[in-house]
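Taking it in order: structure first as structure tokens, then the write-up.
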Amino acid sequence: MRYVSTRGLAPELGFADVLLTGLADDGGLYVPTSWPQLATFGPADDYAAVAAAVMLPYVGDDVPKEAFEMMCREAYATFGHPAVTPLVQIGPNEWVLELFHGPTLAFKDVALQLVGRLFDYVLAERGQRVTIVGATSGDTGSAAIDAVKHCDNVDIVILYPNGRTSDVQRRQMTTVDSPNVHAIAVDGTFDDCQDLVKAMFADQAFRLQYQLSAVNSINWARIVAQVVYYVWAARSLGNQPVSFSVPTGNFGNVLAGWIARRSGAPIESLVIGSNTNDILTRFVETRAMVNDGVTPTLSPSMDIAVSSNFERLLFEMNGRDGGMTAEQLNRFRAVGRLDVENDLFDEWIAPVFKAARFDDSQTLATIADVYRRTGMLTEPHTAVGIAAARSKGDPGVPIVTLATAHPAKFPDAVQRATGIRPPLPPHLADLFERHERTSLLANDLGAVQAFVASVSRVAVRR
Ligand SMILES: *Cc1c(COP(=O)(O)O)cnc(C)c1O
């Protein structure tokens, strides 16, 4: 499989190069040159087997089939549930797909446990090393660290805003005892952390010297790994038409659902659940993408102003015209608004996507209601998804909400809504006794670059 950039100017690449590159060098995102139809798999195939079958057409010849199947086995063996992502019924036509049984308790493990193994494999084959740098408000950093903590060819530096992540999230990053893992508390906000990372990537000499790499949510390999659980859930429900409700900010998770549908999975609707940061819901309602800034909510992993993965769908809507896509996105960056023409909206958005927004009090009310009716504890992101499913699901069509985090990852909100503080699962029960290792740095590019230079083993090899 070959990949092209949504902005039309970067070189065409294969899967392994797309994996290591992340962002295309024209500023665009990589997408496959075609959408292969779903492979067939047997009724006895488990999650890892389905994952390999769904993803292999996208991997192509870049990783041998047996090696890729082995990586899928290993990645999903780290999950604490035999079904990997179990489907749980919570109402007559209402289901929850639990994507949070991975090592760090958020759905990001589903993609990143595999991506870490892919990095290690490709880098070992090529005799290369990289330095992964990233910014996190909580979930991405811990999932990325856990995914690469055993990778010989990767050093990882994660910047988080000092004092602004939850204790669970911080400890998941700072208690990992691996020499290649470095969590840095930056004296600033999440946006400051992100700006520091962007500045490091923009410094071409620095980027090359330390072979900087990224595993943020625009990395194609993460998207394709998320396609799998849509296919898995649809099969578990007998491959009848089914809708999904997805708590999303960046459009990443719901884009994976669109790809599953495009590839032949029997998906009726994709319902977008937004918190108060509702750029996607406003888009579905008004046909215009408008940047309205960010306000903090109880579902912080969806607190974003701009949904970067929408660019991949926009490229499709534009008939794969990279020049046109680049022009629209440049204008969006300049004026904060992007209008989609009526005929394109009616062809691509209206038949598939629905959306609804819920504020914090509605989120808490949903957590309380689900608990009262089913005894199940849910956390705020998942609750936004369940609320969206209930308000926008199609009558008579089963709907599956993606449960993106374990309730113990957001215990304060769960306790507020239900009076119950969810305990951490056994593998993390001693998290608060573990030794923390972190460095506090000023919000200063020079200081952060000096730190990266001091821990990266890329230069040493040269
Ligand atoms: C990252 C995250 C989301 C949002 O994912 P998108 O990439 O915006 O689709 C939702 N819930 C949780 C718990 C997350 O960690």
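Residue names in the structure tokens use chain letters A, B, ... in the order shown, residue numbers from 1 in each chain, and ligand numbers from 1 in the order shown.
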
Give me, as a tab-separated table, each residue of chain A that comes within 7 Å of ligand 1, together with its shortest interatomic pair and the distance in Å at one decimal, counting only C-alpha atoms and all ligand atoms, with rows ordered by chain and rising residue number.
residue	atom	partner	partner_atom_place_in_ligand_line	distance
A:Ala106	CA	ligand 1	13 (C)	5.4
A:Phe107	CA	ligand 1	15 (O)	6.3
A:Lys108	CA	ligand 1	15 (O)	6.2
A:Asp139	CA	ligand 1	15 (O)	4.9
A:Thr140	CA	ligand 1	15 (O)	6.6
A:Ser217	CA	ligand 1	7 (O)	5.9
A:Pro247	CA	ligand 1	10 (C)	5.5
A:Thr248	CA	ligand 1	9 (O)	3.8
A:Gly249	CA	ligand 1	8 (O)	3.6
A:Asn250	CA	ligand 1	8 (O)	3.5
A:Phe251	CA	ligand 1	9 (O)	4.8
A:Gly252	CA	ligand 1	9 (O)	4.1
A:Asn253	CA	ligand 1	9 (O)	3.9
A:Val254	CA	ligand 1	9 (O)	6.1
A:Ser301	CA	ligand 1	2 (C)	4.7
A:Met302	CA	ligand 1	4 (C)	5.1
A:His381	CA	ligand 1	11 (N)	5.0
A:Thr382	CA	ligand 1	11 (N)	7.0
A:Thr404	CA	ligand 1	13 (C)	4.4
A:Ala405	CA	ligand 1	13 (C)	4.3

Who sits within 9 Å of Leu29 (chain A), only C-alpha atoms, same chain under 5 positions skipped, as an MDAnalysis selection string: chainID A and resid 4:7 22:24 218:220 309 311:312

Write the residues you've just listed into a file as an mmCIF file, in the first residue's frame, and include all heavy atoms for each of them.
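Result file is again-v8.cif:
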data_model
loop_
_atom_site.group_PDB
_atom_site.id
_atom_site.type_symbol
_atom_site.label_atom_id
_atom_site.label_comp_id
_atom_site.auth_asym_id
_atom_site.auth_seq_id
_atom_site.Cartn_x
_atom_site.Cartn_y
_atom_site.Cartn_z
ATOM 1 N N VAL A 4 -0.428 8.913 0.243
ATOM 2 C CA VAL A 4 -0.233 10.278 -0.265
ATOM 3 C C VAL A 4 -0.620 11.279 0.818
ATOM 4 O O VAL A 4 -1.404 10.965 1.718
ATOM 5 C CB VAL A 4 -1.086 10.551 -1.529
ATOM 6 C CG1 VAL A 4 -0.589 9.720 -2.695
ATOM 7 C CG2 VAL A 4 -2.568 10.288 -1.258
ATOM 8 N N SER A 5 -0.074 12.477 0.706
ATOM 9 C CA SER A 5 -0.394 13.534 1.668
ATOM 10 C C SER A 5 -1.677 14.241 1.274
ATOM 11 O O SER A 5 -1.935 14.480 0.092
ATOM 12 C CB SER A 5 0.747 14.548 1.731
ATOM 13 O OG SER A 5 0.297 15.723 2.386
ATOM 14 N N THR A 6 -2.472 14.620 2.279
ATOM 15 C CA THR A 6 -3.711 15.374 2.039
ATOM 16 C C THR A 6 -3.446 16.757 1.461
ATOM 17 O O THR A 6 -4.378 17.442 1.055
ATOM 18 C CB THR A 6 -4.483 15.556 3.359
ATOM 19 O OG1 THR A 6 -3.567 16.063 4.336
ATOM 20 C CG2 THR A 6 -5.075 14.253 3.841
ATOM 21 N N ARG A 7 -2.162 17.203 1.466
ATOM 22 C CA ARG A 7 -1.893 18.528 0.896
ATOM 23 C C ARG A 7 -1.134 18.430 -0.430
ATOM 24 O O ARG A 7 -0.704 19.442 -0.991
ATOM 25 C CB ARG A 7 -1.155 19.411 1.896
ATOM 26 C CG ARG A 7 -1.974 19.525 3.182
ATOM 27 C CD ARG A 7 -1.701 20.741 4.005
ATOM 28 N NE ARG A 7 -2.441 20.642 5.273
ATOM 29 C CZ ARG A 7 -2.367 21.494 6.261
ATOM 30 N NH1 ARG A 7 -1.577 22.543 6.159
ATOM 31 N NH2 ARG A 7 -3.072 21.327 7.354
ATOM 32 N N GLY A 22 4.935 10.327 10.760
ATOM 33 C CA GLY A 22 3.832 11.059 11.400
ATOM 34 C C GLY A 22 3.260 12.092 10.439
ATOM 35 O O GLY A 22 2.566 11.753 9.492
ATOM 36 N N LEU A 23 3.588 13.355 10.653
ATOM 37 C CA LEU A 23 3.120 14.440 9.793
ATOM 38 C C LEU A 23 3.899 14.457 8.470
ATOM 39 O O LEU A 23 5.110 14.327 8.473
ATOM 40 C CB LEU A 23 3.342 15.763 10.527
ATOM 41 C CG LEU A 23 2.622 17.004 10.014
ATOM 42 C CD1 LEU A 23 1.114 16.874 10.248
ATOM 43 C CD2 LEU A 23 3.155 18.249 10.715
ATOM 44 N N ALA A 24 3.186 14.633 7.340
ATOM 45 C CA ALA A 24 3.867 14.743 6.049
ATOM 46 C C ALA A 24 4.648 16.044 5.984
ATOM 47 O O ALA A 24 4.301 17.010 6.672
ATOM 48 C CB ALA A 24 2.840 14.686 4.915
ATOM 49 N N ILE A 218 -2.444 12.107 14.936
ATOM 50 C CA ILE A 218 -2.503 12.206 13.478
ATOM 51 C C ILE A 218 -1.672 11.096 12.806
ATOM 52 O O ILE A 218 -1.701 10.953 11.591
ATOM 53 C CB ILE A 218 -2.070 13.611 12.978
ATOM 54 C CG1 ILE A 218 -0.758 14.038 13.580
ATOM 55 C CG2 ILE A 218 -3.137 14.644 13.265
ATOM 56 C CD1 ILE A 218 0.388 13.863 12.699
ATOM 57 N N ASN A 219 -0.968 10.286 13.598
ATOM 58 C CA ASN A 219 -0.185 9.184 13.015
ATOM 59 C C ASN A 219 -1.129 8.141 12.395
ATOM 60 O O ASN A 219 -2.011 7.603 13.061
ATOM 61 C CB ASN A 219 0.690 8.554 14.105
ATOM 62 C CG ASN A 219 1.738 7.607 13.520
ATOM 63 O OD1 ASN A 219 1.393 6.650 12.818
ATOM 64 N ND2 ASN A 219 2.996 7.872 13.788
ATOM 65 N N TRP A 220 -0.936 7.859 11.118
ATOM 66 C CA TRP A 220 -1.837 6.975 10.388
ATOM 67 C C TRP A 220 -1.985 5.603 11.043
ATOM 68 O O TRP A 220 -3.068 5.019 11.077
ATOM 69 C CB TRP A 220 -1.368 6.812 8.939
ATOM 70 C CG TRP A 220 -2.067 5.678 8.281
ATOM 71 C CD1 TRP A 220 -1.563 4.456 7.979
ATOM 72 C CD2 TRP A 220 -3.462 5.634 7.909
ATOM 73 N NE1 TRP A 220 -2.536 3.649 7.439
ATOM 74 C CE2 TRP A 220 -3.710 4.356 7.385
ATOM 75 C CE3 TRP A 220 -4.511 6.549 7.977
ATOM 76 C CZ2 TRP A 220 -4.966 3.967 6.928
ATOM 77 C CZ3 TRP A 220 -5.765 6.158 7.528
ATOM 78 C CH2 TRP A 220 -5.974 4.895 7.007
ATOM 79 N N ASN A 309 -7.843 15.593 12.715
ATOM 80 C CA ASN A 309 -8.045 14.463 11.807
ATOM 81 C C ASN A 309 -9.165 14.672 10.789
ATOM 82 O O ASN A 309 -9.307 13.865 9.864
ATOM 83 C CB ASN A 309 -8.297 13.184 12.607
ATOM 84 C CG ASN A 309 -7.038 12.350 12.720
ATOM 85 O OD1 ASN A 309 -6.471 11.924 11.706
ATOM 86 N ND2 ASN A 309 -6.574 12.133 13.930
ATOM 87 N N GLU A 311 -9.111 16.667 8.547
ATOM 88 C CA GLU A 311 -8.412 16.912 7.275
ATOM 89 C C GLU A 311 -8.445 15.691 6.351
ATOM 90 O O GLU A 311 -8.513 15.828 5.128
ATOM 91 C CB GLU A 311 -6.956 17.324 7.578
ATOM 92 C CG GLU A 311 -6.122 17.537 6.346
ATOM 93 C CD GLU A 311 -4.830 18.298 6.623
ATOM 94 O OE1 GLU A 311 -4.659 18.884 7.725
ATOM 95 O OE2 GLU A 311 -3.970 18.311 5.716
ATOM 96 N N ARG A 312 -8.391 14.511 6.924
ATOM 97 C CA ARG A 312 -8.387 13.300 6.076
ATOM 98 C C ARG A 312 -9.720 13.116 5.358
ATOM 99 O O ARG A 312 -9.759 12.725 4.185
ATOM 100 C CB ARG A 312 -8.045 12.074 6.925
ATOM 101 C CG ARG A 312 -6.593 12.034 7.369
ATOM 102 C CD ARG A 312 -6.232 10.723 8.067
ATOM 103 N NE ARG A 312 -4.806 10.473 8.032
ATOM 104 C CZ ARG A 312 -3.992 10.534 9.108
ATOM 105 N NH1 ARG A 312 -4.470 10.818 10.295
ATOM 106 N NH2 ARG A 312 -2.710 10.293 8.974
#

Shell around Thr438 (chain A) at 6 Å using only C-alpha atoms, local window under 2 positions removed, as a PyMOL selection string: chain A and resi 174+183-184

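Between Asp167 (chain A) and the residues A:Ala135, A:Ile304, A:Ser142, A:Ala417, the shortest atom-to-atom distance, using only C-alpha atoms, involves A:Ser142.
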
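One finds CA of Ala265 (chain A) at 27.6 Å from CA of Met289 (chain A).
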
Interatomic distance (Å, one decimal) between CA of Ile156 (chain A) and CA of Val181 (chain A): 5.2 Å

In region 207-416 of chain A, DSSP alpha helix (DSSP H) residues written as an MDAnalysis selection string: chainID A and resid 207:209 220:236 252:262 279:286 310:317 322:335 342:344 360:374 380:392 411:416

Selected residue of minimal separation from Val96 (chain A) among A:Ala356, A:Phe244, A:Ile158, A:Ala221, counting only C-alpha atoms: A:Phe244

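The list of residues with at least one atom within 7 Å of region 102-105 of chain A, based on only C-alpha atoms and without residues fewer than 5 positions apart in the same chain, reads A:Thr78, A:Phe79, A:Gly80, A:Val110, A:Ser142, A:Ala143, A:Ala405, A:His406, A:Lys409.
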
Residue list (strand (DSSP E), DSSP) for region 71-290 of chain A, as a VMD selection string: chain A and resid 87 to 91 94 to 98 130 to 135 154 to 161 181 to 186 212 to 213 242 to 247 267 to 274 288 to 290

Same residues, N, CA and C atoms, saved as a compact mmCIF listing (two decimals), in the first residue's frame:
# COMPACT_ATOMS: atom_id res chain seq x y z
N LEU A 87 -17.82 -6.34 24.59
CA LEU A 87 -19.05 -5.62 24.28
C LEU A 87 -20.05 -5.92 25.40
N VAL A 88 -20.57 -4.88 26.04
CA VAL A 88 -21.46 -5.07 27.20
C VAL A 88 -22.80 -4.41 26.89
N GLN A 89 -23.88 -5.16 27.12
CA GLN A 89 -25.22 -4.62 26.84
C GLN A 89 -25.72 -3.80 28.03
N ILE A 90 -26.22 -2.58 27.76
CA ILE A 90 -26.73 -1.76 28.86
C ILE A 90 -28.20 -1.36 28.66
N GLY A 91 -28.80 -1.81 27.57
CA GLY A 91 -30.22 -1.50 27.32
C GLY A 91 -30.70 -2.39 26.20
N GLU A 94 -28.89 -1.19 23.21
CA GLU A 94 -27.83 -0.26 23.60
C GLU A 94 -26.64 -1.03 24.17
N TRP A 95 -25.46 -0.74 23.65
CA TRP A 95 -24.26 -1.48 24.02
C TRP A 95 -23.11 -0.52 24.31
N VAL A 96 -22.14 -1.05 25.06
CA VAL A 96 -20.92 -0.30 25.32
C VAL A 96 -19.74 -1.19 24.93
N LEU A 97 -18.82 -0.66 24.14
CA LEU A 97 -17.62 -1.41 23.76
C LEU A 97 -16.48 -0.91 24.65
N GLU A 98 -16.03 -1.76 25.56
CA GLU A 98 -15.03 -1.34 26.55
C GLU A 98 -13.62 -1.40 25.95
N VAL A 130 15.19 6.40 17.01
CA VAL A 130 14.48 7.68 16.99
C VAL A 130 14.32 8.19 18.41
N THR A 131 14.00 9.49 18.49
CA THR A 131 13.60 10.11 19.75
C THR A 131 12.17 10.57 19.58
N ILE A 132 11.25 9.93 20.29
CA ILE A 132 9.85 10.35 20.23
C ILE A 132 9.66 11.50 21.21
N VAL A 133 9.14 12.62 20.72
CA VAL A 133 8.78 13.69 21.64
C VAL A 133 7.29 13.98 21.48
N GLY A 134 6.64 14.30 22.59
CA GLY A 134 5.22 14.57 22.53
C GLY A 134 4.77 15.41 23.70
N ALA A 135 3.59 16.03 23.53
CA ALA A 135 2.98 16.79 24.61
C ALA A 135 1.70 16.07 24.99
N VAL A 154 14.14 3.24 20.77
CA VAL A 154 13.34 4.44 20.98
C VAL A 154 13.68 5.08 22.32
N ASP A 155 13.92 6.38 22.31
CA ASP A 155 13.88 7.16 23.55
C ASP A 155 12.62 8.01 23.47
N ILE A 156 11.96 8.19 24.59
CA ILE A 156 10.72 8.98 24.55
C ILE A 156 10.77 10.08 25.60
N VAL A 157 10.42 11.29 25.17
CA VAL A 157 10.35 12.45 26.07
C VAL A 157 8.93 13.01 25.97
N ILE A 158 8.21 12.99 27.09
CA ILE A 158 6.82 13.48 27.10
C ILE A 158 6.74 14.71 28.01
N LEU A 159 6.22 15.80 27.45
CA LEU A 159 6.04 17.03 28.22
C LEU A 159 4.60 17.10 28.72
N TYR A 160 4.43 17.33 30.02
CA TYR A 160 3.08 17.53 30.55
C TYR A 160 3.05 18.80 31.38
N PRO A 161 1.87 19.45 31.46
CA PRO A 161 1.77 20.71 32.20
C PRO A 161 1.82 20.45 33.71
N VAL A 181 12.70 6.20 29.10
CA VAL A 181 11.46 6.96 29.33
C VAL A 181 11.73 8.21 30.15
N HIS A 182 11.27 9.37 29.65
CA HIS A 182 11.52 10.64 30.34
C HIS A 182 10.25 11.48 30.33
N ALA A 183 9.66 11.65 31.49
CA ALA A 183 8.49 12.52 31.63
C ALA A 183 8.96 13.85 32.20
N ILE A 184 8.58 14.93 31.53
CA ILE A 184 8.99 16.27 31.97
C ILE A 184 7.78 17.10 32.35
N ALA A 185 7.81 17.63 33.57
CA ALA A 185 6.78 18.59 33.99
C ALA A 185 7.23 19.97 33.52
N VAL A 186 6.40 20.60 32.67
CA VAL A 186 6.73 21.94 32.18
C VAL A 186 5.95 22.96 33.00
N LEU A 212 13.82 13.09 15.44
CA LEU A 212 12.57 13.24 16.18
C LEU A 212 11.43 12.51 15.47
N SER A 213 10.56 11.91 16.25
CA SER A 213 9.42 11.20 15.71
C SER A 213 8.23 11.46 16.63
N VAL A 242 -25.55 -1.58 12.31
CA VAL A 242 -25.32 -1.10 13.67
C VAL A 242 -24.80 0.33 13.59
N SER A 243 -25.12 1.14 14.59
CA SER A 243 -24.57 2.49 14.67
C SER A 243 -23.58 2.56 15.82
N PHE A 244 -22.70 3.55 15.75
CA PHE A 244 -21.72 3.75 16.82
C PHE A 244 -21.82 5.18 17.33
N SER A 245 -21.62 5.32 18.63
CA SER A 245 -21.54 6.66 19.22
C SER A 245 -20.13 6.82 19.77
N VAL A 246 -19.48 7.93 19.40
CA VAL A 246 -18.05 8.08 19.65
C VAL A 246 -17.77 9.41 20.35
N PRO A 247 -17.31 9.36 21.61
CA PRO A 247 -16.89 10.61 22.25
C PRO A 247 -15.56 11.05 21.65
N ILE A 267 -22.17 -0.39 8.95
CA ILE A 267 -22.38 0.71 9.89
C ILE A 267 -23.40 1.68 9.33
N GLU A 268 -24.47 1.91 10.10
CA GLU A 268 -25.56 2.80 9.68
C GLU A 268 -25.13 4.26 9.91
N SER A 269 -25.02 4.66 11.17
CA SER A 269 -24.66 6.05 11.49
C SER A 269 -23.46 6.08 12.42
N LEU A 270 -22.74 7.21 12.37
CA LEU A 270 -21.68 7.50 13.32
C LEU A 270 -22.10 8.74 14.09
N VAL A 271 -22.35 8.57 15.39
CA VAL A 271 -22.81 9.68 16.22
C VAL A 271 -21.60 10.26 16.96
N ILE A 272 -21.40 11.55 16.79
CA ILE A 272 -20.30 12.25 17.46
C ILE A 272 -20.80 12.80 18.78
N GLY A 273 -20.11 12.45 19.87
CA GLY A 273 -20.44 13.03 21.17
C GLY A 273 -19.42 14.10 21.51
N SER A 274 -19.89 15.32 21.76
CA SER A 274 -18.99 16.43 22.12
C SER A 274 -19.28 16.86 23.55
N ALA A 288 -20.39 24.54 8.99
CA ALA A 288 -19.17 25.35 9.06
C ALA A 288 -18.32 24.91 10.24
N MET A 289 -17.01 24.76 10.01
CA MET A 289 -16.05 24.47 11.06
C MET A 289 -15.57 25.81 11.59
N VAL A 290 -15.83 26.11 12.85
CA VAL A 290 -15.46 27.42 13.40
C VAL A 290 -14.68 27.23 14.70
